[in-house]
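Heads up: the structure comes next, in structure tokens.
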Amino acid sequence: MKFGQVDHPELIDFTIPPDHPDTAVVLSQYKGGEVPNVYVGCAKWNRQDLKNFYPRGTKDELEYYATQFNSIELNATFYRIFPAEQYQKWYDKTPEGFKFFPKMTNAVSHLRRLNDQVYGIVDEYLQVTSLLKEKLGTIFLQMHNNFNPKNWDRVVRFVEYWPKEFPLALEFRHTDWFTDETVSQELYHLLQENNMANVLVDTAGRRDLMHMRLTNNEAFVRYVGANHETDYPRLEDWVTRLTAWKELGLENIHFFVHQNLELASPLLSAYFIEKLNPALGCGLAIPKTTISPQERLF
């Protein structure tokens with residue numbers, strides 16, 4: 001995931017901004033709990049991308065991946081709608097408690113850009129995606145960078161059409177969604193009223209996406225490491241912020257680790273989980289990795 005990549009990450013201020021004032025208001029509606037529901041994973045399980053993650057002799061990458069993580073941000077579904085039998089295979093290969101967080105197909109988000117032709121595609125996508133049954137987590141829709149607020153009516157129609165039995169998170173990337181206060185407030189209100197999550201993207205070159213505005217009881221975070229030593233303190237800062245949100249009432253944390261070059265996403269994930277477990281008391285298994293300290297960033 002090279003979105004927001006910069007040449008000199010050491011020059012970026014990675015400080016997590018203060019919460020949007022309405023985040024605390026949203027979370028105050030929920031009771032919270034002693035231990036939140038926490039899912040941490042990578043974006044893919046491809047052996048070529050996750051260097052030195054799989055032990056020698058591993059026959060099935062997903063089966064092994066699912067022994068180390070409790071979830072996957074399923075980016076493969078962005079590029080195509082797979083046949084029904086593929087979803088059944090994914091379901092069968094993963095253990096009880098594992099969850100998939102699939103990306104909506106680009107035919108909806110990028111090619112047709114939420115126009116009136118997307119609804120048949122949405123129905124087709126959900127028909128097969130639902131075969132993941134209880135292992136289906138939140139689906140997320142990531143819009144093109146140039147999809148701007150002039151398309152507001154399309155967003156409203158899509159949100160109103162979406163079957164509410166399927167949890168949905170939305171990611172907008174055009175700057176005007178967040179820099180225009182009137183626009184952003186309308187967007188946040190729409191998501192909040194429909195119990196949809198507002199995706200947070202933590203990447204070097206687009207700090208404007210760190211709006212820190214939750215719209216329901218779900219923190220859906222897409223963290224993009226820069227293959228740089230700053231990746232680790234950034235993760236520590238996220239542990240601090242998520243702990244604070246838990247105290248305010250947050251119950252659902254979905255955190256997915258990317259890198260510009262996916263060399264050590266499992267190692268970053270392991271580091272994050274190691275810090276998160278004592279902070280939240282969630283007891284997630286810490287993934288094993290054979291990546292050496294010399295390889296961990298580059």
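Identifiers in the structure tokens: chain A, B, ... in order shown; residue index from 1 per chain; ligand index from 1 in order shown.
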Using only C-alpha atoms, which residues sit within 12 Å of Asp60 (chain A) once same-chain residues fewer than 5 positions away are excluded, as a compact mmCIF listing (two decimals) with C-alpha atoms, in the first residue's frame?
```
# COMPACT_ATOMS: atom_id res chain seq x y z
CA TRP A 45 -1.60 -13.28 3.07
CA ASN A 46 0.47 -13.55 -0.11
CA ARG A 47 3.83 -15.26 0.52
CA TYR A 54 5.85 -18.38 6.37
CA PRO A 55 7.89 -21.32 7.67
CA TYR A 65 -1.83 -17.01 8.42
CA ALA A 66 -5.04 -17.76 10.31
CA THR A 67 -3.06 -19.57 13.03
CA LYS A 89 -12.96 -22.27 0.77
CA TRP A 90 -11.82 -19.23 2.72
CA LYS A 93 -9.65 -22.88 5.89
CA THR A 94 -9.93 -20.53 8.85
```
**Asked** Quick one: residues within 7 Å of region 272-285 of chain A, only C-alpha atoms counted, chain neighbours fewer than 4 positions away excluded, as a list in words?
**Response**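 Contacts, in chain order: Val35, Gln68, Leu235, Val239, Thr243 and Leu268 of chain A.
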**Request:** Could you pull out the residues in region 112-237 of chain A that DSSP calls helix (DSSP H, G or I) from the backbone, as a VMD selection string?
**Result:** chain A and resid 118 to 135 149 to 161 176 to 179 181 to 193 207 to 209 231 to 237
**Å distance separating CA of Asn37 (chain A) from CA of His254 (chain A), one decimal place** =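 Atom-to-atom, CA of Asn37 (chain A) to CA of His254 (chain A), that is 8.3 Å.
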**Request:** Would you mind writing down, as a list in words, each residue of region 117-267 of chain A that DSSP on the backbone assigns to strand (DSSP E)?
**Result:** Ile139, Phe140, Leu141, Gln142, Leu168, Ala169, Leu170, Glu171, Ala197, Asn198, Leu200, Val201, Asp202, Ala219, Phe220, Val221, Arg222, Tyr223, Val224, Gly225, Asn252, Ile253, His254, Phe255, Phe256, Val257, His258 and Gln259 of chain A
**Request:** Considering only C-alpha atoms, return as an NGL selection string whatever protein or nucleic-acid residues lie within 6 Å of Gly32 (chain A), sequence-local ones (same chain, fewer than 5 positions apart) excluded.
**Result:** :A and (249-251)
**Prompt:** Between CA of Leu11 (chain A) and CA of Ala244 (chain A), what is the spacing in Å?
**Reply:**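 Between CA of Ala244 (chain A) and CA of Leu11 (chain A) the gap works out to 27.2 Å.
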**Asked** Given the choices A:Lys164, A:Lys288, A:Lys103, A:Arg154, which gets closest to Phe140 (chain A) if the distance is worked out from only C-alpha atoms?
**Response**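 Counting only C-alpha atoms, the residue closest to Phe140 (chain A) is A:Lys103.
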